>>> print(open('query.txt').read())   # compact mmCIF, C-alpha atoms
# COMPACT_ATOMS: atom_id res chain seq x y z
CA MET A 229 43.65 10.61 -25.50
CA LEU A 230 44.02 10.60 -21.72
CA LYS A 231 44.15 7.00 -20.43
CA ASN A 232 45.21 5.12 -17.31
CA ARG A 233 45.34 8.30 -15.26
CA ASP A 234 43.94 9.33 -11.91
CA ILE A 235 41.75 12.45 -12.01
CA VAL A 236 40.33 14.47 -9.13
CA CYS A 237 37.56 16.82 -10.22
CA LEU A 238 36.45 19.70 -7.97
CA SER A 239 33.04 20.50 -9.39
CA THR A 240 30.37 23.13 -8.83
CA GLN A 241 27.63 20.61 -9.58
CA ASP A 242 26.37 17.64 -7.60
CA TRP A 243 26.65 14.34 -9.43
CA ASP A 244 22.87 13.87 -9.40
CA GLY A 245 22.19 17.54 -10.12
CA LEU A 246 21.29 18.97 -13.51
CA TRP A 247 23.50 17.14 -15.99
CA THR A 248 26.23 19.44 -17.33
CA ARG A 249 29.64 19.18 -18.97
CA LYS A 250 31.16 18.59 -15.53
CA GLN A 251 29.55 15.21 -14.94
CA ARG A 252 29.62 14.36 -18.62
CA PHE A 253 33.36 14.90 -19.14
CA MET A 254 34.26 12.98 -15.99
CA LYS A 255 32.01 10.09 -17.03
CA MET A 256 33.69 10.07 -20.44
CA PHE A 257 37.15 10.11 -18.85
CA ALA A 258 36.20 7.10 -16.70
CA GLU A 259 34.81 5.24 -19.72
CA ALA A 260 38.09 5.96 -21.55
CA GLY A 261 40.01 4.04 -18.89
CA ASN A 262 40.88 6.66 -16.27
CA ARG A 263 40.08 6.56 -12.56
CA VAL A 264 38.02 9.56 -11.48
CA LEU A 265 37.14 11.05 -8.09
CA TYR A 266 34.36 13.60 -8.55
CA ILE A 267 33.96 16.08 -5.68
CA GLU A 268 30.47 17.56 -5.48
CA THR A 269 29.80 21.28 -5.20
CA PRO A 270 30.91 22.98 -1.96
CA VAL A 271 27.92 23.90 0.22
CA HIS A 272 28.15 26.37 3.09
CA LEU A 273 25.99 26.89 6.18
CA LEU A 274 23.77 29.39 4.36
CA GLY A 275 23.20 27.07 1.39
CA LEU A 276 19.44 27.57 1.34
CA ASP A 277 19.15 26.11 -2.14
CA VAL A 278 20.52 22.76 -0.92
CA LEU A 279 20.45 22.16 2.83
CA PRO A 280 16.68 22.51 3.52
CA HIS A 281 16.01 19.89 0.84
CA ASP A 282 18.93 17.64 1.76
CA PRO A 283 19.64 17.67 5.53
CA GLY A 284 21.52 14.38 5.19
CA ARG A 285 24.29 16.32 3.50
CA PHE A 286 25.62 17.39 6.90
CA LEU A 287 27.00 13.90 7.50
CA ARG A 288 27.46 12.49 4.00
CA PHE A 289 31.15 13.39 3.93
CA LEU A 290 31.73 10.68 6.55
CA LYS A 291 30.95 8.02 3.94
CA GLY A 292 33.88 9.13 1.81
CA PRO A 293 34.04 8.27 -1.90
CA ARG A 294 31.17 6.16 -3.22
CA ALA A 295 31.31 4.23 -6.50
CA VAL A 296 28.73 5.35 -9.08
CA GLN A 297 30.12 3.38 -12.01
CA ASP A 298 33.25 1.49 -12.94
CA GLN A 299 36.34 3.67 -12.42
CA LEU A 300 34.31 6.61 -11.06
CA HIS A 301 33.77 7.64 -7.43
CA VAL A 302 31.82 10.60 -6.03
CA ALA A 303 32.44 12.30 -2.69
CA THR A 304 30.56 15.01 -0.80
CA LEU A 305 32.48 17.66 1.12
CA PRO A 306 31.61 18.63 4.71
CA ILE A 307 29.51 21.77 5.14
CA LEU A 308 31.83 24.77 4.85
CA LEU A 309 31.97 28.24 6.32
CA PRO A 310 29.85 30.88 4.53
CA PHE A 311 31.11 34.09 2.93
CA PHE A 312 34.14 32.33 1.39
CA GLN A 313 33.54 34.26 -1.83
CA MET A 314 33.64 37.50 0.10
CA PHE A 315 36.67 37.05 2.36
CA ALA A 316 39.93 35.40 1.31
CA SER A 317 40.68 34.41 4.91
CA ILE A 318 37.47 32.35 5.18
CA ASN A 319 38.18 30.78 1.81
CA GLY A 320 41.64 29.84 3.08
CA LEU A 321 40.10 27.98 6.02
CA ASN A 322 37.64 26.19 3.77
CA GLN A 323 40.36 25.15 1.33
CA ALA A 324 42.42 23.76 4.22
CA ILE A 325 39.42 21.60 5.20
CA ILE A 326 38.91 20.50 1.60
CA GLY A 327 42.61 19.71 1.22
CA PHE A 328 42.56 17.50 4.33
CA PHE A 329 39.69 15.39 3.02
CA LEU A 330 41.07 15.28 -0.52
CA ARG A 331 44.39 13.86 0.65
CA SER A 332 42.56 11.27 2.74
CA TRP A 333 40.25 10.21 -0.07
CA ILE A 334 43.07 10.12 -2.64
CA ALA A 335 45.04 7.80 -0.35
CA ARG A 336 41.98 5.61 0.28
CA LEU A 337 41.43 5.11 -3.45
CA GLY A 338 45.12 4.51 -4.08
CA PHE A 339 45.43 7.40 -6.53
CA HIS A 340 48.96 8.45 -7.45
CA LYS A 341 49.68 12.09 -8.30
CA PRO A 342 46.25 12.73 -9.82
CA LEU A 343 45.48 15.30 -12.46
CA LEU A 344 43.56 18.08 -10.69
CA TRP A 345 40.51 19.28 -12.64
CA MET A 346 38.91 22.38 -11.13
CA TYR A 347 35.68 24.20 -11.87
CA THR A 348 35.84 26.36 -8.75
CA PRO A 349 37.67 29.71 -9.10
CA PHE A 350 38.60 29.76 -5.43
CA SER A 351 40.70 26.55 -5.42
CA ALA A 352 44.20 27.97 -5.96
CA SER A 353 45.58 26.85 -2.60
CA LEU A 354 44.57 23.25 -3.32
CA VAL A 355 47.17 23.14 -6.08
CA ASP A 356 49.76 23.49 -3.31
CA LYS A 357 48.02 21.18 -0.84
CA VAL A 358 47.61 18.09 -3.05
CA ASP A 359 50.45 16.20 -4.72
CA HIS A 360 49.51 16.13 -8.39
CA SER A 361 50.81 15.55 -11.91
CA GLY A 362 49.06 18.53 -13.51
CA ALA A 363 46.23 21.02 -13.03
CA VAL A 364 43.38 22.11 -15.30
CA TYR A 365 40.87 24.90 -14.69
CA GLU A 366 37.59 24.95 -16.58
CA CYS A 367 35.98 28.37 -16.43
CA VAL A 368 32.31 28.00 -17.33
CA ASP A 369 31.04 31.44 -16.24
CA GLU A 370 32.13 34.97 -15.48
CA PHE A 371 32.19 34.46 -11.72
CA ARG A 372 33.00 38.12 -11.15
CA ALA A 373 29.45 38.93 -12.29
CA ALA A 374 27.75 36.47 -9.93
CA ARG A 375 25.19 37.61 -7.36
CA GLY A 376 24.64 36.49 -3.79
CA PHE A 377 27.31 36.21 -1.09
CA VAL A 378 29.99 37.31 -3.56
CA ARG A 379 32.46 40.16 -3.77
CA SER A 380 33.60 40.52 -7.35
CA LYS A 381 37.08 41.79 -6.51
CA VAL A 382 37.75 38.95 -4.07
CA VAL A 383 36.52 36.24 -6.44
CA GLY A 384 38.50 37.80 -9.27
CA SER A 385 41.67 37.79 -7.21
CA MET A 386 41.13 34.13 -6.27
CA GLU A 387 40.59 33.15 -9.88
CA ASP A 388 43.68 35.06 -11.06
CA GLU A 389 45.78 33.20 -8.51
CA LEU A 390 44.41 29.89 -9.73
CA LEU A 391 45.08 30.84 -13.36
CA ARG A 392 48.75 31.45 -12.55
CA LYS A 393 49.11 27.95 -11.09
CA VAL A 394 47.34 25.69 -13.59
CA ASP A 395 48.85 24.12 -16.71
CA LEU A 396 45.75 24.53 -18.88
CA THR A 397 42.64 26.71 -18.74
CA ILE A 398 39.50 25.95 -20.71
CA VAL A 399 36.71 28.50 -21.13
CA THR A 400 33.25 27.90 -22.54
CA GLN A 401 32.78 31.23 -24.31
CA GLU A 402 35.24 33.31 -26.35
CA ASN A 403 34.64 36.46 -24.32
CA LEU A 404 36.20 34.71 -21.33
CA LEU A 405 39.50 34.20 -23.17
CA PRO A 406 41.31 37.59 -23.04
CA HIS A 407 41.46 38.02 -19.27
CA ARG A 408 42.35 34.39 -18.55
CA MET A 409 45.11 34.37 -21.15
CA LYS A 410 46.84 37.21 -19.31
CA PHE A 411 47.50 34.84 -16.40
CA CYS A 412 47.48 31.46 -18.15
CA PRO A 413 48.76 31.71 -21.74
CA ASN A 414 47.68 28.12 -22.36
CA THR A 415 43.98 28.96 -22.48
CA ILE A 416 41.52 27.64 -25.07
CA CYS A 417 37.77 27.75 -25.69
CA ILE A 418 35.60 24.62 -25.80
CA PRO A 419 31.89 25.58 -25.72
CA ASN A 420 29.06 23.40 -24.51
CA GLY A 421 27.50 20.83 -26.79
CA ALA A 422 24.61 18.43 -27.17
CA ASP A 423 23.95 14.74 -26.72
CA VAL A 424 22.64 14.37 -30.25
CA ASP A 425 21.71 10.69 -29.88
CA LYS A 426 19.68 11.44 -26.77
CA PHE A 427 17.64 14.18 -28.48
CA LYS A 428 17.31 12.56 -31.91
CA PRO A 429 14.06 10.72 -31.00
CA ALA A 430 12.56 14.07 -30.02
CA SER A 431 13.40 15.50 -33.44
CA LEU A 432 11.52 12.57 -35.00
CA LYS A 433 8.60 12.89 -32.54
CA LEU A 434 9.08 9.32 -31.34
CA LEU A 435 8.74 9.96 -27.61
CA ALA A 436 5.62 9.64 -25.48
CA ALA A 437 4.35 12.96 -24.23
CA PRO A 438 4.79 13.50 -20.47
CA GLU A 439 1.48 13.37 -18.62
CA ASP A 440 1.78 16.90 -17.25
CA MET A 441 2.47 18.28 -20.74
CA LYS A 442 -0.70 16.67 -22.08
CA ARG A 443 -2.72 18.92 -19.80
CA ILE A 444 -1.09 22.10 -21.11
CA PRO A 445 -2.76 23.54 -24.23
CA HIS A 446 -0.93 24.49 -27.42
CA PRO A 447 0.85 26.57 -28.48
CA ARG A 448 3.55 25.72 -25.93
CA LEU A 449 6.60 27.94 -25.63
CA GLY A 450 9.18 26.36 -23.41
CA PHE A 451 12.38 26.75 -21.48
CA VAL A 452 14.49 23.93 -20.01
CA GLY A 453 17.21 24.53 -17.42
CA HIS A 454 18.04 26.05 -14.07
CA ILE A 455 15.64 28.92 -13.42
CA HIS A 456 18.07 31.41 -11.94
CA TYR A 457 18.36 35.19 -11.73
CA TRP A 458 19.93 35.34 -15.19
CA ILE A 459 16.70 34.03 -16.77
CA ASP A 460 14.49 36.97 -17.72
CA LEU A 461 11.23 36.13 -15.96
CA LYS A 462 9.98 39.65 -16.58
CA LEU A 463 10.22 38.85 -20.28
CA ILE A 464 8.19 35.68 -19.72
CA ARG A 465 5.59 37.73 -17.85
CA PHE A 466 5.41 40.25 -20.69
CA LEU A 467 4.90 37.48 -23.26
CA ALA A 468 2.34 35.68 -21.11
CA GLU A 469 0.31 38.84 -20.53
CA GLN A 470 0.43 39.84 -24.19
CA ARG A 471 -0.62 36.38 -25.38
CA PRO A 472 -2.87 34.81 -22.73
CA ASN A 473 -3.81 32.02 -25.17
CA TRP A 474 -0.18 30.83 -25.33
CA SER A 475 1.23 28.42 -22.75
CA PHE A 476 4.67 29.03 -21.27
CA VAL A 477 6.35 25.94 -19.81
CA LEU A 478 9.42 26.36 -17.59
CA VAL A 479 11.08 23.01 -16.90
CA GLY A 480 13.72 22.96 -14.17
CA PRO A 481 14.50 23.77 -10.54
CA VAL A 482 14.01 27.31 -9.24
CA ALA A 483 17.04 28.89 -7.52
CA PRO A 484 16.55 31.05 -4.40
CA LEU A 485 17.80 34.16 -6.20
CA ALA A 486 15.28 33.80 -9.03
CA ASP A 487 12.46 36.31 -8.61
CA ILE A 488 9.66 33.92 -9.38
CA ARG A 489 7.12 36.57 -8.31
CA ALA A 490 7.36 37.92 -11.86
CA VAL A 491 5.31 34.99 -13.19
CA ARG A 492 3.47 33.83 -10.09
CA GLY A 493 -0.30 33.81 -10.54
CA LEU A 494 -0.24 33.82 -14.34
CA ARG A 495 -2.54 31.00 -15.45
CA ASN A 496 -0.67 30.39 -18.70
CA VAL A 497 2.77 30.02 -17.08
CA HIS A 498 3.53 26.48 -15.93
CA LEU A 499 6.52 25.64 -13.74
CA THR A 500 7.00 21.87 -13.84
CA GLY A 501 9.92 21.68 -11.42
CA ARG A 502 13.01 19.61 -12.02
CA LYS A 503 12.70 16.57 -14.29
CA SER A 504 15.13 13.70 -14.74
CA GLY A 505 17.66 14.04 -17.53
CA SER A 506 16.19 11.07 -19.36
CA ASP A 507 12.79 12.81 -19.52
CA ILE A 508 14.03 16.17 -20.84
CA PRO A 509 13.94 15.23 -24.57
CA ALA A 510 10.24 14.34 -24.27
CA TYR A 511 9.49 17.75 -22.74
CA VAL A 512 11.42 19.55 -25.48
CA GLN A 513 9.64 17.45 -28.12
CA GLU A 514 6.27 18.73 -26.87
CA MET A 515 7.22 22.41 -27.20
CA ASP A 516 6.13 24.37 -30.27
CA CYS A 517 8.84 26.98 -29.77
CA CYS A 518 11.87 26.91 -27.47
CA LEU A 519 13.06 29.97 -25.58
CA ASN A 520 16.53 31.13 -24.56
CA PRO A 521 15.47 34.13 -22.43
CA TYR A 522 18.69 35.29 -20.78
CA VAL A 523 18.89 38.69 -19.14
CA THR A 524 21.31 40.61 -21.34
CA GLY A 525 24.48 41.64 -19.53
CA ASP A 526 27.70 40.16 -18.19
CA ILE A 527 26.31 36.68 -17.57
CA ALA A 528 24.77 36.38 -21.04
CA GLU A 529 27.84 37.84 -22.72
CA ASN A 530 30.12 35.23 -21.19
CA CYS A 531 28.16 31.98 -21.11
CA SER A 532 27.50 29.03 -23.40
CA PRO A 533 23.87 27.97 -22.81
CA LEU A 534 23.65 24.20 -22.85
CA LYS A 535 19.93 24.41 -23.61
CA LEU A 536 20.60 26.15 -26.93
CA TYR A 537 22.45 23.11 -28.25
CA GLU A 538 19.84 20.71 -26.89
CA TYR A 539 16.98 22.61 -28.54
CA LEU A 540 18.85 22.37 -31.86
CA ALA A 541 19.49 18.66 -31.35
CA ALA A 542 15.73 18.20 -30.94
CA GLY A 543 15.17 20.14 -34.19
CA LYS A 544 13.15 22.86 -32.49
CA PRO A 545 12.55 26.48 -33.56
CA ILE A 546 14.24 28.87 -31.14
CA VAL A 547 13.92 32.49 -30.11
CA SER A 548 16.75 33.95 -28.02
CA THR A 549 17.66 37.21 -26.43
CA ASP A 550 20.73 38.81 -27.98
CA MET A 551 23.89 37.09 -26.75
CA PRO A 552 27.13 35.97 -28.43
CA GLU A 553 26.42 32.24 -28.31
CA ALA A 554 23.05 32.70 -30.02
CA ARG A 555 24.60 34.89 -32.72
CA LYS A 556 26.69 31.91 -33.83
CA PHE A 557 23.46 30.35 -35.07
CA ALA A 558 21.79 33.47 -36.43
CA ASP A 559 20.74 31.62 -39.59
CA ILE A 560 18.57 29.17 -37.63
CA VAL A 561 17.95 30.93 -34.29
CA LEU A 562 15.84 34.08 -34.21
CA ILE A 563 17.46 36.75 -32.05
CA ALA A 564 15.30 39.40 -30.39
CA HIS A 565 16.51 42.85 -29.35
CA SER A 566 13.56 43.93 -27.21
CA TYR A 567 10.53 42.45 -25.47
CA SER A 568 8.23 43.42 -28.33
CA ASP A 569 10.69 42.02 -30.86
CA PHE A 570 10.82 38.76 -28.89
CA LEU A 571 7.02 38.56 -29.03
CA GLU A 572 6.97 39.19 -32.79
CA LYS A 573 9.60 36.54 -33.45
CA CYS A 574 7.77 33.96 -31.36
CA GLU A 575 4.59 34.75 -33.28
CA SER A 576 6.34 34.39 -36.63
CA LEU A 577 7.75 30.97 -35.69
CA LEU A 578 4.39 29.72 -34.45
CA GLN A 579 2.78 30.72 -37.72
CA LEU A 580 5.52 29.13 -39.83
CA PRO A 581 5.04 25.44 -40.73
CA GLN A 582 7.95 23.46 -39.32
CA SER A 583 9.05 21.47 -42.34
CA SER A 584 11.23 18.38 -42.11
CA ALA A 585 13.94 20.35 -43.95
CA TRP A 586 14.14 22.92 -41.13
CA VAL A 587 14.23 20.18 -38.50
CA ALA A 588 17.01 18.42 -40.40
CA ARG A 589 18.97 21.66 -40.71
CA ARG A 590 18.87 22.27 -36.97
CA THR A 591 19.84 18.70 -36.05
CA GLN A 592 22.65 18.79 -38.61
CA VAL A 593 24.08 21.90 -36.95
CA ALA A 594 23.73 20.31 -33.51
CA ALA A 595 25.63 17.23 -34.74
CA GLU A 596 28.59 19.50 -35.48
CA HIS A 597 28.60 20.44 -31.79
CA SER A 598 28.25 17.02 -30.19
CA TRP A 599 29.75 16.14 -26.83
CA ILE A 600 31.90 13.57 -28.59
CA SER A 601 33.54 16.29 -30.68
CA ARG A 602 33.96 18.47 -27.57
CA PHE A 603 35.65 15.58 -25.75
CA GLU A 604 37.99 15.04 -28.68
CA ALA A 605 38.95 18.73 -28.58
CA LEU A 606 39.51 18.43 -24.85
CA ASN A 607 41.86 15.48 -25.24
CA ALA A 608 43.72 17.25 -28.05
CA ALA A 609 44.37 20.16 -25.68
CA LEU A 610 45.62 17.77 -22.99
CA ASP A 611 47.96 16.07 -25.48
CA HIS A 612 49.26 19.44 -26.64
CA THR A 613 49.94 20.45 -23.04
CA SER A 614 51.56 17.05 -22.31
CA LEU A 615 49.26 16.44 -19.37
>>> encode(input="query.txt", output="structure tokens")
Amino acid sequence: MLKNRDIVCLSTQDWDGLWTRKQRFMKMFAEAGNRVLYIETPVHLLGLDVLPHDPGRFLRFLKGPRAVQDQLHVATLPILLPFFQMFASINGLNQAIIGFFLRSWIARLGFHKPLLWMYTPFSASLVDKVDHSGAVYECVDEFRAARGFVRSKVVGSMEDELLRKVDLTIVTQENLLPHRMKFCPNTICIPNGADVDKFKPASLKLLAAPEDMKRIPHPRLGFVGHIHYWIDLKLIRFLAEQRPNWSFVLVGPVAPLADIRAVRGLRNVHLTGRKSGSDIPAYVQEMDCCLNPYVTGDIAENCSPLKLYEYLAAGKPIVSTDMPEARKFADIVLIAHSYSDFLEKCESLLQLPQSSAWVARRTQVAAEHSWISRFEALNAALDHTSL
């Protein structure tokens, strides 16, 4: 297991953002005795999903690294130039800025040849700009399929360059393996997982119901996570219109690219907004059926939905659109192949009594995919690579 090392993590998630493997793994590394510098997601001048809600971000980089727990510091980058995922030249300028601050912060913390841990596919030049003892790239999505200010060919070229330079690549879904292995032979898959202890009280119905959930009538069909363009809101609209007596609860922040107009005005669709991570199990507990409504396509084919594991850890019945990660659990997750099929499967689950045996089966499967086991697999890969 990695111990007594310095780690610099370049994340695509803010420390206080939705809790993902990025924060979780770095927290676990710090608790295992390593020193960690966690760099929050790069934000550019057109970052409409961040800057209007957080104007203080313009100057936060001046504070440098801030301690959030023992052995773990978090730093916010300065606001960067836009279009860096469209033009390699702009990305080069941004990476030069990032490299300058990284070297300064590493020196301030007294880190020595840190292990670079990158979640950003456009960070290849940083491998050359920062003195390090090793480099790891965690690929959590098919970035070539992303929307927004992105050119697939440019992002793909950036990622391929990074893959050539790192010592180890970790992907979250098997479909991401073949291409990455062409450039980094030392590539493995470690999917997402669940905090089984956190969701266990929900499986036993021990949590107090959130006040806003009390006002929403049963049956409640729910989704928890980032409401982005890859979530099929047209499917939610179809279900809500077909079953006006059902309540659809969407828990999480809404991204600018999500077409929320699809469900706006529907009285039985409830958007709660973002909730704290500690409150999420209570929201899942209060759902009669959990939904994994991804738009089928490149994103769904190459991702590992965190929510799927959390629903299982809470012992909940689940209906999912057809995607590889859901097929792994085809014996306990109902997979729909059309909108009408999705409706029928939701109806069948709502009519089926949820016995303690079914709840136990789901939580047992989730326990096999705990974050502890994922972290053990991660450390085994690091040992094998001699990092």
>>> axis_aligned_box(input="query.txt", around="segment 341-357 of chain A", padding_each_side="3 Å", output="JSON")
{"center_x": 42.7, "center_y": 20.9, "center_z": -6.7, "size_x": 20.1, "size_y": 23.7, "size_z": 17.8}
>>> closest_residue(input="query.txt", among="A:Arg471, A:Arg602, A:Lys357, A:Arg372", to="Arg495 of chain A", atoms="only C-alpha atoms")
A:Arg471
>>> residues_around(input="query.txt", residues="segment 328-340 of chain A", least_positions_apart="6", cutoff="8 Å", atoms="only C-alpha atoms", output="compact mmCIF listing (two decimals) with C-alpha atoms, in the frame of the given file")
# COMPACT_ATOMS: atom_id res chain seq x y z
CA ASP A 234 43.94 9.33 -11.91
CA GLY A 292 33.88 9.13 1.81
CA PRO A 293 34.04 8.27 -1.90
CA LEU A 305 32.48 17.66 1.12
CA VAL A 358 47.61 18.09 -3.05
CA HIS A 360 49.51 16.13 -8.39
>>> closest_residue(input="query.txt", among="A:His565, A:Leu432, A:Ser385, A:Arg492", to="Ala588 of chain A", atoms="all atoms listed in the file")
A:Leu432
>>> closest_residue(input="query.txt", among="A:Arg233, A:Asn322, A:Arg288, A:Ala352", to="His272 of chain A", atoms="only C-alpha atoms")
A:Asn322
>>> atom_distance(input="query.txt", atom1="atom CA of Gln513 of chain A", atom2="atom CA of Ser548 of chain A")
18.0 Å
>>> atom_distance(input="query.txt", atom1="atom CA of Leu606 of chain A", atom2="atom CA of Phe557 of chain A")
22.5 Å
>>> atom_distance(input="query.txt", atom1="atom CA of Val302 of chain A", atom2="atom CA of Glu387 of chain A")
24.5 Å
>>> residues_around(input="query.txt", residues="segment 368-370 of chain A", least_positions_apart="5", cutoff="8 Å", atoms="all atoms listed in the file", output="JSON, numbers by chain")
{"A": [347, 399, 400, 401, 404, 526, 527, 530, 531, 532]}
>>> residues_around(input="query.txt", residues="Val587 of chain A", least_positions_apart="5", cutoff="10 Å", atoms="all atoms listed in the file", output="ChimeraX atom specification")
/A:431-432,540-545,582,592
>>> residues_around(input="query.txt", residues="Ile546 of chain A", least_positions_apart="5", cutoff="10 Å", atoms="all atoms listed in the file", output="PyMOL selection string")
chain A and resi 449-450+516-520+536+539-540+554+560-563+573-574+577+590
>>> build_atoms(input="query.txt", residues="segment 286-297 of chain A", atoms="N, CA and C atoms", output="PDB file, in the frame of the given file")
ATOM      1  N   PHE A 286      24.752  17.020   5.782  1.00  0.00           N
ATOM      2  CA  PHE A 286      25.620  17.390   6.900  1.00  0.00           C
ATOM      3  C   PHE A 286      26.598  16.267   7.264  1.00  0.00           C
ATOM      4  N   LEU A 287      26.181  15.030   7.084  1.00  0.00           N
ATOM      5  CA  LEU A 287      27.000  13.900   7.500  1.00  0.00           C
ATOM      6  C   LEU A 287      27.495  13.032   6.344  1.00  0.00           C
ATOM      7  N   ARG A 288      27.124  13.366   5.131  1.00  0.00           N
ATOM      8  CA  ARG A 288      27.460  12.490   4.000  1.00  0.00           C
ATOM      9  C   ARG A 288      28.963  12.383   3.769  1.00  0.00           C
ATOM     10  N   PHE A 289      29.710  13.426   4.148  1.00  0.00           N
ATOM     11  CA  PHE A 289      31.150  13.390   3.930  1.00  0.00           C
ATOM     12  C   PHE A 289      31.813  12.243   4.683  1.00  0.00           C
ATOM     13  N   LEU A 290      31.155  11.767   5.753  1.00  0.00           N
ATOM     14  CA  LEU A 290      31.730  10.680   6.550  1.00  0.00           C
ATOM     15  C   LEU A 290      31.788   9.371   5.772  1.00  0.00           C
ATOM     16  N   LYS A 291      30.956   9.237   4.751  1.00  0.00           N
ATOM     17  CA  LYS A 291      30.950   8.020   3.940  1.00  0.00           C
ATOM     18  C   LYS A 291      32.146   7.952   3.001  1.00  0.00           C
ATOM     19  N   GLY A 292      32.764   9.103   2.734  1.00  0.00           N
ATOM     20  CA  GLY A 292      33.880   9.130   1.810  1.00  0.00           C
ATOM     21  C   GLY A 292      33.450   8.875   0.375  1.00  0.00           C
ATOM     22  N   PRO A 293      34.377   8.498  -0.486  1.00  0.00           N
ATOM     23  CA  PRO A 293      34.040   8.270  -1.900  1.00  0.00           C
ATOM     24  C   PRO A 293      33.107   7.075  -2.070  1.00  0.00           C
ATOM     25  N   ARG A 294      32.107   7.233  -2.916  1.00  0.00           N
ATOM     26  CA  ARG A 294      31.170   6.160  -3.220  1.00  0.00           C
ATOM     27  C   ARG A 294      31.201   5.882  -4.721  1.00  0.00           C
ATOM     28  N   ALA A 295      31.235   4.615  -5.091  1.00  0.00           N
ATOM     29  CA  ALA A 295      31.310   4.230  -6.500  1.00  0.00           C
ATOM     30  C   ALA A 295      29.958   4.469  -7.169  1.00  0.00           C
ATOM     31  N   VAL A 296      29.962   5.145  -8.310  1.00  0.00           N
ATOM     32  CA  VAL A 296      28.730   5.350  -9.080  1.00  0.00           C
ATOM     33  C   VAL A 296      28.767   4.607 -10.404  1.00  0.00           C
ATOM     34  N   GLN A 297      29.950   4.230 -10.834  1.00  0.00           N
ATOM     35  CA  GLN A 297      30.120   3.380 -12.010  1.00  0.00           C
ATOM     36  C   GLN A 297      31.566   2.888 -11.987  1.00  0.00           C
TER      37      GLN A 297
END
